file model.txt (compact mmCIF, C-alpha atoms)
# COMPACT_ATOMS: atom_id res chain seq x y z
CA MET A 285 89.60 221.03 70.70
CA ILE A 286 87.88 220.48 67.34
CA ASP A 287 91.17 220.82 65.42
CA LYS A 288 92.83 218.24 67.64
CA LEU A 289 89.89 215.86 67.27
CA GLU A 290 89.97 216.21 63.48
CA ASP A 291 93.67 215.35 63.52
CA VAL A 292 92.90 212.25 65.57
CA GLU A 293 90.12 211.27 63.15
CA ARG A 294 92.48 211.57 60.17
CA ARG A 295 95.03 209.41 61.98
CA PHE A 296 92.32 206.83 62.72
CA GLU A 297 91.31 206.73 59.04
CA ARG A 298 94.95 206.22 57.97
CA LEU A 299 95.31 203.34 60.44
CA THR A 300 92.07 201.81 59.16
CA ALA A 301 93.44 201.96 55.62
CA ASP A 302 96.71 200.39 56.79
CA LEU A 303 94.78 197.32 57.96
CA SER A 304 94.04 196.59 54.28
CA ASN A 305 97.61 197.29 53.16
CA PRO A 306 99.35 194.07 51.98
CA ASP A 307 102.69 195.29 53.35
CA VAL A 308 101.18 195.74 56.81
CA LEU A 309 99.33 192.43 56.66
CA ALA A 310 102.59 190.65 55.82
CA ASP A 311 104.39 192.11 58.87
CA SER A 312 102.83 190.63 62.03
CA ALA A 313 104.63 193.03 64.38
CA ARG A 314 103.56 196.08 62.38
CA LEU A 315 100.01 194.71 62.04
CA GLN A 316 99.76 194.27 65.80
CA LYS A 317 101.04 197.79 66.39
CA VAL A 318 98.60 199.34 63.89
CA SER A 319 95.65 197.33 65.26
CA LYS A 320 96.48 198.32 68.84
CA GLU A 321 96.83 202.04 68.01
CA ARG A 322 93.59 202.02 66.00
CA ALA A 323 91.71 200.28 68.84
CA GLY A 324 93.01 202.91 71.26
CA LEU A 325 91.55 205.73 69.12
CA GLU A 326 88.24 204.10 68.21
CA LYS A 327 86.21 205.25 71.21
CA LEU A 328 87.47 208.83 70.90
CA VAL A 329 86.67 208.96 67.17
CA ASP A 330 83.21 207.42 67.62
CA THR A 331 82.42 209.93 70.38
CA PHE A 332 83.68 212.82 68.23
CA ARG A 333 81.52 211.74 65.28
CA THR A 334 78.47 211.56 67.53
CA TYR A 335 79.36 214.99 68.94
CA ARG A 336 79.67 216.47 65.44
CA LYS A 337 76.25 215.10 64.46
CA VAL A 338 74.70 216.56 67.63
CA LEU A 339 76.24 219.96 66.78
CA ALA A 340 74.76 219.79 63.29
CA ASP A 341 71.33 218.86 64.68
CA LEU A 342 71.59 221.65 67.24
CA ASN A 343 72.39 224.25 64.56
CA GLU A 344 69.44 223.08 62.48
CA VAL A 345 67.03 223.14 65.40
CA GLU A 346 68.21 226.60 66.48
CA ALA A 347 67.51 227.83 62.95
CA TRP A 348 63.96 226.50 63.22
CA LEU A 349 63.31 228.78 66.18
CA GLY A 350 63.05 231.65 63.70
CA SER A 351 60.80 229.71 61.34
CA SER A 352 57.41 231.07 60.34
CA ASP A 353 56.05 227.53 60.57
CA PRO A 354 54.52 227.11 64.08
CA ASP A 355 55.06 223.31 64.01
CA GLU A 356 58.79 223.69 63.27
CA LYS A 357 59.10 226.33 65.98
CA ALA A 358 57.32 224.11 68.53
CA TYR A 359 59.48 221.13 67.64
CA ALA A 360 62.60 223.27 68.02
CA ARG A 361 61.60 224.43 71.51
CA GLU A 362 60.95 220.82 72.53
CA ALA A 363 64.15 219.35 71.05
CA LEU A 364 66.60 222.11 72.02
CA PRO A 365 67.11 221.27 75.76
CA GLY A 366 67.83 217.60 75.06
CA LEU A 367 70.35 218.41 72.32
CA LYS A 368 72.14 220.94 74.52
CA GLU A 369 72.35 218.34 77.29
CA GLN A 370 73.79 215.79 74.83
CA ARG A 371 76.34 218.34 73.64
CA GLU A 372 77.55 219.08 77.17
CA GLU A 373 77.75 215.40 78.06
CA LEU A 374 79.72 214.57 74.92
CA GLU A 375 82.07 217.52 75.48
CA SER A 376 82.85 216.18 78.96
CA GLN A 377 83.50 212.71 77.54
CA LEU A 378 85.78 214.10 74.84
CA LYS A 379 87.83 216.09 77.34
CA LEU A 380 88.42 212.93 79.38
CA LEU A 381 89.26 210.88 76.30
CA LEU A 382 91.77 213.52 75.20
CA LEU A 383 93.72 213.30 78.45
CA PRO A 384 97.25 211.90 77.93
CA LYS A 385 97.22 208.12 78.15
CA ASP A 386 99.22 206.36 80.81
CA PRO A 387 101.51 204.08 78.75
CA ASN A 388 101.29 201.46 81.50
CA ASP A 389 97.48 201.18 81.52
CA GLU A 390 97.33 198.10 79.29
CA LYS A 391 100.10 196.26 81.14
CA ASN A 392 99.75 193.25 83.39
CA VAL A 393 100.57 193.69 87.06
CA ILE A 394 102.87 192.34 89.71
CA LEU A 395 101.11 192.79 93.05
CA GLU A 396 103.03 192.72 96.33
CA ILE A 397 101.31 192.58 99.70
CA ARG A 398 103.23 192.80 102.99
CA ALA A 399 102.14 192.70 106.62
CA GLY A 400 103.06 195.91 108.44
CA ALA A 401 102.41 197.07 111.99
CA GLY A 402 100.19 194.86 114.11
CA GLY A 403 101.95 191.50 114.36
CA ASP A 404 99.84 188.40 113.72
CA GLU A 405 96.71 190.44 113.00
CA ALA A 406 98.54 192.27 110.20
CA SER A 407 99.53 188.90 108.69
CA LEU A 408 95.95 187.66 108.83
CA PHE A 409 94.64 190.82 107.17
CA ALA A 410 97.37 190.68 104.51
CA GLU A 411 96.08 187.28 103.42
CA GLU A 412 92.48 188.53 103.41
CA VAL A 413 93.40 191.47 101.17
CA MET A 414 95.34 189.17 98.85
CA GLN A 415 92.27 186.94 98.57
CA MET A 416 90.12 190.04 97.94
CA TYR A 417 92.23 190.95 94.92
CA LEU A 418 92.32 187.35 93.68
CA ARG A 419 88.52 187.18 93.84
CA TYR A 420 88.23 190.53 92.08
CA ALA A 421 90.62 189.27 89.39
CA ASP A 422 88.45 186.18 88.96
CA ARG A 423 85.36 188.38 88.51
CA ARG A 424 87.19 190.33 85.83
CA GLY A 425 88.33 187.20 84.02
CA TRP A 426 92.00 187.87 84.72
CA LYS A 427 94.60 185.15 85.19
CA SER A 428 96.27 185.15 88.60
CA ASP A 429 99.33 183.32 89.90
CA ILE A 430 100.84 183.40 93.38
CA ILE A 431 104.56 183.61 92.66
CA ASP A 432 105.97 183.76 96.17
CA MET A 433 104.47 183.73 99.65
CA SER A 434 105.80 183.63 103.21
CA ALA A 435 103.48 182.40 105.94
CA GLY A 436 102.83 184.33 109.15
CA ASN A 437 103.67 182.93 112.58
CA ALA A 438 100.03 182.39 113.52
CA GLY A 439 98.44 182.09 110.08
CA GLY A 440 98.03 184.59 107.31
CA ILE A 441 101.02 185.82 105.31
CA LYS A 442 104.06 187.96 106.01
CA ASP A 443 104.31 188.82 102.33
CA ALA A 444 103.14 187.59 98.95
CA THR A 445 103.82 188.32 95.29
CA VAL A 446 101.07 187.75 92.73
CA THR A 447 100.94 188.24 88.97
CA LEU A 448 97.65 189.38 87.41
CA SER A 449 97.23 189.14 83.64
CA GLY A 450 94.34 190.31 81.51
CA ASP A 451 92.70 193.31 79.92
CA ALA A 452 94.06 196.66 81.21
CA VAL A 453 94.91 195.31 84.67
CA PHE A 454 97.19 198.20 85.68
CA SER A 455 94.54 200.72 84.62
CA SER A 456 92.17 199.21 87.20
CA LEU A 457 94.58 198.58 90.07
CA LYS A 458 97.13 201.40 89.89
CA TYR A 459 95.41 203.40 92.65
CA GLU A 460 95.54 200.49 95.11
CA SER A 461 99.20 201.11 96.05
CA GLY A 462 99.75 202.33 99.58
CA VAL A 463 99.12 201.55 103.24
CA HIS A 464 95.83 199.78 104.00
CA ARG A 465 94.71 199.96 107.64
CA VAL A 466 92.37 197.54 109.40
CA GLN A 467 90.46 198.22 112.62
CA ARG A 468 88.73 195.28 114.31
CA VAL A 469 88.72 192.97 117.33
CA PRO A 470 91.21 190.14 116.66
CA ALA A 471 90.10 186.57 117.30
CA THR A 472 92.76 186.30 120.03
CA GLU A 473 91.56 189.43 121.88
CA THR A 474 89.85 188.41 125.14
CA GLN A 475 88.89 191.92 126.29
CA GLY A 476 87.00 192.85 123.12
CA ARG A 477 89.36 195.71 122.33
CA ILE A 478 89.66 197.03 118.79
CA HIS A 479 93.17 196.74 117.35
CA THR A 480 94.64 198.73 114.47
CA SER A 481 97.01 197.02 112.05
CA THR A 482 98.45 197.91 108.67
CA ILE A 483 99.61 196.23 105.50
CA THR A 484 101.24 197.64 102.36
CA VAL A 485 100.12 197.02 98.82
CA ALA A 486 102.39 197.69 95.84
CA VAL A 487 101.03 197.52 92.29
CA MET A 488 103.73 197.46 89.62
CA PRO A 489 103.20 197.32 85.84
CA GLU A 490 104.92 194.28 84.41
CA ALA A 491 107.79 195.48 82.25
CA GLU A 492 108.54 194.06 78.82
CA GLU A 493 112.06 193.25 77.74
CA VAL A 494 111.99 196.36 75.57
CA ASP A 495 111.19 198.47 78.68
CA VAL A 496 114.09 197.20 80.79
CA LYS A 497 117.32 195.72 79.43
CA LEU A 498 118.94 193.43 81.99
CA ASN A 499 122.63 192.52 81.92
CA GLU A 500 122.92 189.00 83.29
CA ALA A 501 126.43 189.85 84.52
CA ASP A 502 124.75 192.23 87.02
CA ILE A 503 122.55 189.49 88.47
CA ASP A 504 123.51 187.06 91.24
CA ARG A 505 121.51 183.85 90.95
CA GLN A 506 120.96 181.50 93.86
CA ALA A 507 119.02 178.22 93.88
CA MET A 508 117.38 177.11 97.10
CA ARG A 509 114.83 174.74 98.55
CA SER A 510 111.20 175.70 98.12
CA THR A 511 109.44 176.40 101.41
CA GLY A 512 105.81 176.23 102.41
CA ALA A 513 103.02 173.74 102.81
CA GLY A 514 102.48 170.81 100.45
CA GLY A 515 103.70 170.13 96.96
CA GLN A 516 105.98 167.37 95.71
CA SER A 517 108.96 169.69 95.19
CA VAL A 518 108.61 171.68 98.42
CA ASN A 519 111.60 171.11 100.73
CA THR A 520 112.90 168.32 98.45
CA THR A 521 114.51 170.01 95.45
CA ASP A 522 116.50 173.18 94.81
CA SER A 523 113.87 174.57 92.45
CA ALA A 524 113.32 177.97 94.08
CA VAL A 525 115.35 180.87 92.68
CA ARG A 526 116.55 184.09 94.28
CA LEU A 527 117.96 186.88 92.11
CA THR A 528 119.91 189.87 93.37
CA HIS A 529 120.40 192.82 91.03
CA ARG A 530 123.70 194.29 92.18
CA PRO A 531 123.35 197.82 90.66
CA THR A 532 120.05 198.47 92.46
CA GLY A 533 120.19 196.00 95.36
CA ILE A 534 116.77 194.61 94.38
CA VAL A 535 116.14 191.02 95.48
CA VAL A 536 113.36 188.81 94.11
CA LYS A 537 112.42 185.21 94.76
CA CYS A 538 110.19 182.72 92.95
CA GLN A 539 109.22 179.20 94.01
CA GLN A 540 105.94 178.70 92.17
CA GLU A 541 107.13 176.13 89.63
CA LYS A 542 108.79 172.74 90.08
CA SER A 543 111.25 173.70 87.36
CA GLN A 544 114.16 175.90 88.37
CA LEU A 545 114.29 177.34 84.83
CA LYS A 546 110.63 178.38 84.97
CA ASN A 547 111.18 179.97 88.36
CA TYR A 548 114.23 181.80 87.00
CA ASN A 549 112.24 183.20 84.05
CA MET A 550 109.43 184.31 86.37
CA ALA A 551 111.93 185.93 88.74
CA LEU A 552 113.35 187.88 85.77
CA ARG A 553 109.84 189.20 85.07
CA MET A 554 109.52 190.33 88.68
CA LEU A 555 112.97 191.94 88.58
CA ARG A 556 112.16 193.87 85.40
CA ALA A 557 108.94 195.16 86.96
CA LYS A 558 110.74 196.38 90.09
CA ILE A 559 113.48 198.12 88.10
CA TYR A 560 110.87 199.67 85.80
CA GLU A 561 108.87 200.92 88.79
CA MET A 562 112.05 202.39 90.33
CA GLU A 563 112.83 204.26 87.12
CA GLN A 564 109.24 205.51 86.81
CA GLU A 565 109.41 206.81 90.38
CA ARG A 566 112.67 208.62 89.66
CA LEU A 567 111.19 210.30 86.59
CA ARG A 568 108.05 211.34 88.44
CA ALA A 569 110.09 212.81 91.28
CA GLU A 570 112.14 214.81 88.80
CA ARG A 571 109.02 216.21 87.13
CA ASP A 572 107.35 217.35 90.31
CA SER A 573 108.52 216.72 93.85
CA THR A 574 105.06 217.54 95.23
CA ARG A 575 103.72 214.42 93.57
CA ARG A 576 105.71 212.10 95.81
CA SER A 577 102.73 211.81 98.16
CA GLN A 578 100.42 210.86 95.31
CA VAL A 579 99.30 207.30 94.67
CA GLY A 580 101.51 205.38 92.31
CA THR A 581 104.75 207.16 93.11
CA GLY A 582 106.07 204.35 95.28
CA ASP A 583 105.70 206.28 98.52
CA ARG A 584 103.92 203.67 100.67
CA SER A 585 104.19 205.52 104.00
CA GLU A 586 100.85 207.32 103.78
CA LYS A 587 97.65 205.54 104.79
CA ILE A 588 95.26 205.46 101.85
CA ARG A 589 92.39 203.31 103.13
CA THR A 590 90.80 202.06 106.35
CA TYR A 591 88.72 198.89 106.75
CA ASN A 592 86.70 199.32 109.95
CA PHE A 593 84.96 196.02 110.68
CA PRO A 594 82.93 197.03 113.79
CA GLN A 595 81.33 199.82 111.73
CA ASP A 596 81.18 197.74 108.52
CA ARG A 597 82.92 200.63 106.78
CA LEU A 598 85.61 201.17 104.16
CA THR A 599 87.02 204.69 103.89
CA ASP A 600 89.37 205.84 101.14
CA HIS A 601 91.10 208.85 102.69
CA ARG A 602 92.46 210.24 99.41
CA ILE A 603 89.10 210.81 97.77
CA GLY A 604 86.82 211.11 100.81
CA LEU A 605 84.86 207.97 99.91
CA THR A 606 83.00 205.89 102.51
CA VAL A 607 81.17 202.70 101.62
CA HIS A 608 79.68 199.88 103.67
CA ASN A 609 79.28 196.10 103.19
CA LEU A 610 82.81 194.98 104.07
CA PRO A 611 81.90 191.27 103.67
CA GLY A 612 80.97 191.93 100.06
CA ILE A 613 84.12 193.98 99.46
CA MET A 614 86.41 191.34 100.96
CA ALA A 615 84.64 188.79 98.73
CA GLY A 616 86.01 190.68 95.73
CA GLY A 617 83.27 193.28 95.30
CA ILE A 618 85.64 196.25 95.22
CA GLU A 619 84.73 197.47 91.72
CA ASP A 620 82.81 200.53 92.97
CA VAL A 621 85.80 201.69 95.05
CA ILE A 622 88.21 201.18 92.15
CA THR A 623 85.89 203.06 89.79
CA ALA A 624 85.51 205.93 92.27
CA CYS A 625 89.29 206.30 92.55
CA ARG A 626 89.77 206.25 88.79
CA THR A 627 86.98 208.80 88.27
CA TYR A 628 88.40 211.09 90.96
CA TYR A 629 91.91 211.14 89.52
CA GLN A 630 90.64 211.58 85.97
CA ALA A 631 88.72 214.63 87.16
CA GLU A 632 91.84 215.95 88.89
CA ALA A 633 93.86 215.44 85.72
CA LEU A 634 91.22 217.27 83.71
CA LYS A 635 91.18 220.11 86.24
CA ALA A 636 94.95 220.45 86.02
CA GLN A 637 94.87 220.39 82.21
CA THR A 638 92.23 223.11 82.07
CA GLY A 639 93.92 225.37 84.61
CA GLY A 640 92.65 223.92 87.88
CA SER A 641 94.64 224.52 91.02
CA ARG A 642 95.12 220.96 92.26
CA PRO A 643 97.69 218.64 90.69
CA ALA A 644 96.46 215.37 89.25
CA SER A 645 97.83 211.94 89.96
CA PRO A 646 100.80 211.34 87.64
CA ASP A 647 99.25 208.04 86.53
CA ALA A 648 95.75 209.37 85.76
call {"tool": "encode", "arguments": {"input": "model.txt", "output": "structure tokens"}}
result
Amino acid sequence: MIDKLEDVERRFERLTADLSNPDVLADSARLQKVSKERAGLEKLVDTFRTYRKVLADLNEVEAWLGSSDPDEKAYAREALPGLKEQREELESQLKLLLLPKDPNDEKNVILEIRAGAGGDEASLFAEEVMQMYLRYADRRGWKSDIIDMSAGNAGGIKDATVTLSGDAVFSSLKYESGVHRVQRVPATETQGRIHTSTITVAVMPEAEEVDVKLNEADIDRQAMRSTGAGGQSVNTTDSAVRLTHRPTGIVVKCQQEKSQLKNYNMALRMLRAKIYEMEQERLRAERDSTRRSQVGTGDRSEKIRTYNFPQDRLTDHRIGLTVHNLPGIMAGGIEDVITACRTYYQAEALKAQTGGSRPASPDA
């Protein structure tokens, strides 16, 4: 591990020197690339330097144990446990920081939420979950835009597409994909019976043009009237855009903007994300078919989480987590759940890398 960390440190020092290189400073694209790579290594290098200092202090203190000076020997006995604890903690941090990076972690996200089984209650819960993520995004300082939304028959939403932009959005939300189940007494239930409904959540990294090359000849473009409540352009102009990608059969729609051109450009972003996600799923399936049930593979059929309102309980079935305070969670306070998922899958990835028996999430 030390050899690998020293290689990383040398790379970090070269990148730091490049930031003072006139040739790099004159090339904005290269400067951005160097700055981004250096920033990605900074925490690992800082942790390694701290670890190396702790090792040096530990060696010095261990040498004092054999000193003839009683004060040095007493100090060594007192300092040794704390230094050993620091060493173990830093070693654990370094192992996590050395895990292969998910290239999508820094990307923005296209979030899709759809009502599943449960009729009107599923539509109502779909809207509540969408609002939960929007509130969480607001807490994180992310920018959010509702790109497309279809209303339910009795309120709520049948489906919605949202873009979330900010710092490492995909890294935070990538474990949210899957089937979310709600158990509660619907407002329309006269007998007080608990109903079970489901929705699906899909979290896709937003693809750059360099990630997915689109041939416009493969895309069918259709303009249509915007639908929904309110807005000067709703139901009055053909500003909404639907795109169909013939090679894959993917269909996307955008009606957020009054301008058809803006809606077209946003729909292209959505289309790239869907094609990118499809390709990522294909590659993951080729690497390991057993991973198809893991989060992030696109397999939405398996229930990942239950929101039980009578018991004020959220349960994440993948990691065995149970937390309470559903009102706070639905208000956007889902950070602890997201952190628990990320920590769990990082530990699984580390276990797999060091010879553990269980496979890690492919996106850890």
call {"tool": "closest_residue", "arguments": {"input": "model.txt", "among": "A:Thr331, A:Thr532, A:Ser351, A:Gln506", "to": "A:Tyr548", "atoms": "all atoms listed in the file"}}
result
A:Gln506
call {"tool": "residues_around", "arguments": {"input": "model.txt", "residues": "stretch 450-453 of chain A", "least_positions_apart": "6", "cutoff": "8 Å", "atoms": "only C-alpha atoms", "output": "JSON, numbers by chain"}}
result
{"A": [389, 390, 391, 392, 393, 425, 426, 427]}
call {"tool": "atom_distance", "arguments": {"input": "model.txt", "atom1": "atom CA of A:His601", "atom2": "atom CA of A:Arg589"}}
result
5.7 Å
call {"tool": "atom_distance", "arguments": {"input": "model.txt", "atom1": "atom CA of A:Thr300", "atom2": "atom CA of A:Leu378"}}
result
20.9 Å
call {"tool": "atom_distance", "arguments": {"input": "model.txt", "atom1": "atom CA of A:Met550", "atom2": "atom CA of A:Arg419"}}
result
22.4 Å
call {"tool": "residues_around", "arguments": {"input": "model.txt", "residues": "A:Lys442", "least_positions_apart": "4", "cutoff": "6 Å", "atoms": "all atoms listed in the file", "output": "PDB file with C-alpha atoms, in the frame of the given file"}}
result
ATOM      1  CA  ARG A 398     103.230 192.800 102.990  1.00  0.00           C
ATOM      2  CA  ALA A 399     102.140 192.700 106.620  1.00  0.00           C
ATOM      3  CA  SER A 407      99.530 188.900 108.690  1.00  0.00           C
ATOM      4  CA  SER A 434     105.800 183.630 103.210  1.00  0.00           C
ATOM      5  CA  ALA A 435     103.480 182.400 105.940  1.00  0.00           C
ATOM      6  CA  GLY A 436     102.830 184.330 109.150  1.00  0.00           C
TER       7      GLY A 436
END
call {"tool": "closest_residue", "arguments": {"input": "model.txt", "among": "A:Val535, A:Val487, A:Val469, A:Ile397", "to": "A:Gln595", "atoms": "only C-alpha atoms"}}
result
A:Val469
call {"tool": "closest_residue", "arguments": {"input": "model.txt", "among": "A:Arg314, A:Gly533, A:Thr627, A:Ile618", "to": "A:Arg424", "atoms": "all atoms listed in the file"}}
result
A:Ile618
call {"tool": "closest_residue", "arguments": {"input": "model.txt", "among": "A:Glu373, A:Glu490, A:Asp355, A:Glu290", "to": "A:Tyr560", "atoms": "all atoms listed in the file"}}
result
A:Glu490
call {"tool": "residues_near_point", "arguments": {"input": "model.txt", "point": "(102.5, 186.0, 92.5)", "cutoff": "8 Å", "atoms": "all atoms listed in the file", "output": "list of chain:residue names"}}
result
A:Ile394, A:Leu395, A:Glu396, A:Ser428, A:Asp429, A:Ile430, A:Ile431, A:Asp432, A:Met433, A:Ala444, A:Thr445, A:Val446, A:Thr447, A:Leu448
call {"tool": "residues_near_point", "arguments": {"input": "model.txt", "point": "(93.8, 196.7, 107.8)", "cutoff": "9 Å", "atoms": "all atoms listed in the file", "output": "PDB file with C-alpha atoms, in the coordinates of the input"}}
result
ATOM      1  CA  GLU A 405      96.710 190.440 113.000  1.00  0.00           C
ATOM      2  CA  ALA A 406      98.540 192.270 110.200  1.00  0.00           C
ATOM      3  CA  PHE A 409      94.640 190.820 107.170  1.00  0.00           C
ATOM      4  CA  ALA A 410      97.370 190.680 104.510  1.00  0.00           C
ATOM      5  CA  VAL A 413      93.400 191.470 101.170  1.00  0.00           C
ATOM      6  CA  VAL A 463      99.120 201.550 103.240  1.00  0.00           C
ATOM      7  CA  HIS A 464      95.830 199.780 104.000  1.00  0.00           C
ATOM      8  CA  ARG A 465      94.710 199.960 107.640  1.00  0.00           C
ATOM      9  CA  VAL A 466      92.370 197.540 109.400  1.00  0.00           C
ATOM     10  CA  GLN A 467      90.460 198.220 112.620  1.00  0.00           C
ATOM     11  CA  ARG A 468      88.730 195.280 114.310  1.00  0.00           C
ATOM     12  CA  THR A 480      94.640 198.730 114.470  1.00  0.00           C
ATOM     13  CA  SER A 481      97.010 197.020 112.050  1.00  0.00           C
ATOM     14  CA  THR A 482      98.450 197.910 108.670  1.00  0.00           C
ATOM     15  CA  ILE A 483      99.610 196.230 105.500  1.00  0.00           C
ATOM     16  CA  ARG A 589      92.390 203.310 103.130  1.00  0.00           C
ATOM     17  CA  THR A 590      90.800 202.060 106.350  1.00  0.00           C
ATOM     18  CA  TYR A 591      88.720 198.890 106.750  1.00  0.00           C
ATOM     19  CA  ASN A 592      86.700 199.320 109.950  1.00  0.00           C
TER      20      ASN A 592
END
call {"tool": "residues_around", "arguments": {"input": "model.txt", "residues": "A:His608", "least_positions_apart": "4", "cutoff": "7 Å", "atoms": "only C-alpha atoms", "output": "list in words"}}
result
Asp596, Arg597 and Leu598 of chain A
call {"tool": "decode", "arguments": {"input": "model.txt", "residues": "stretch 545-557 of chain A", "atoms": "N, CA and C atoms", "output": "PDB file, in the first residue's frame"}}
result
ATOM      1  N   LEU A 545     -37.010  25.395 -28.529  1.00  0.00           N
ATOM      2  CA  LEU A 545     -35.588  25.092 -28.667  1.00  0.00           C
ATOM      3  C   LEU A 545     -34.978  24.700 -27.327  1.00  0.00           C
ATOM      4  N   LYS A 546     -35.343  25.442 -26.263  1.00  0.00           N
ATOM      5  CA  LYS A 546     -34.825  25.103 -24.932  1.00  0.00           C
ATOM      6  C   LYS A 546     -35.315  23.734 -24.486  1.00  0.00           C
ATOM      7  N   ASN A 547     -36.575  23.432 -24.780  1.00  0.00           N
ATOM      8  CA  ASN A 547     -37.105  22.113 -24.433  1.00  0.00           C
ATOM      9  C   ASN A 547     -36.401  21.017 -25.227  1.00  0.00           C
ATOM     10  N   TYR A 548     -36.085  21.300 -26.480  1.00  0.00           N
ATOM     11  CA  TYR A 548     -35.374  20.329 -27.316  1.00  0.00           C
ATOM     12  C   TYR A 548     -33.986  20.041 -26.733  1.00  0.00           C
ATOM     13  N   ASN A 549     -33.266  21.094 -26.349  1.00  0.00           N
ATOM     14  CA  ASN A 549     -31.922  20.911 -25.784  1.00  0.00           C
ATOM     15  C   ASN A 549     -31.975  20.141 -24.467  1.00  0.00           C
ATOM     16  N   MET A 550     -32.997  20.433 -23.645  1.00  0.00           N
ATOM     17  CA  MET A 550     -33.135  19.694 -22.386  1.00  0.00           C
ATOM     18  C   MET A 550     -33.492  18.237 -22.655  1.00  0.00           C
ATOM     19  N   ALA A 551     -34.346  17.990 -23.635  1.00  0.00           N
ATOM     20  CA  ALA A 551     -34.710  16.617 -23.982  1.00  0.00           C
ATOM     21  C   ALA A 551     -33.490  15.839 -24.470  1.00  0.00           C
ATOM     22  N   LEU A 552     -32.580  16.507 -25.191  1.00  0.00           N
ATOM     23  CA  LEU A 552     -31.346  15.846 -25.617  1.00  0.00           C
ATOM     24  C   LEU A 552     -30.501  15.431 -24.415  1.00  0.00           C
ATOM     25  N   ARG A 553     -30.458  16.281 -23.386  1.00  0.00           N
ATOM     26  CA  ARG A 553     -29.733  15.934 -22.164  1.00  0.00           C
ATOM     27  C   ARG A 553     -30.330  14.687 -21.524  1.00  0.00           C
ATOM     28  N   MET A 554     -31.648  14.632 -21.455  1.00  0.00           N
ATOM     29  CA  MET A 554     -32.323  13.473 -20.875  1.00  0.00           C
ATOM     30  C   MET A 554     -32.047  12.221 -21.699  1.00  0.00           C
ATOM     31  N   LEU A 555     -32.071  12.364 -23.020  1.00  0.00           N
ATOM     32  CA  LEU A 555     -31.849  11.221 -23.902  1.00  0.00           C
ATOM     33  C   LEU A 555     -30.427  10.681 -23.733  1.00  0.00           C
ATOM     34  N   ARG A 556     -29.449  11.595 -23.667  1.00  0.00           N
ATOM     35  CA  ARG A 556     -28.064  11.145 -23.458  1.00  0.00           C
ATOM     36  C   ARG A 556     -27.934  10.366 -22.149  1.00  0.00           C
ATOM     37  N   ALA A 557     -28.573  10.872 -21.102  1.00  0.00           N
ATOM     38  CA  ALA A 557     -28.487  10.206 -19.799  1.00  0.00           C
ATOM     39  C   ALA A 557     -29.067   8.799 -19.858  1.00  0.00           C
TER      40      ALA A 557
END
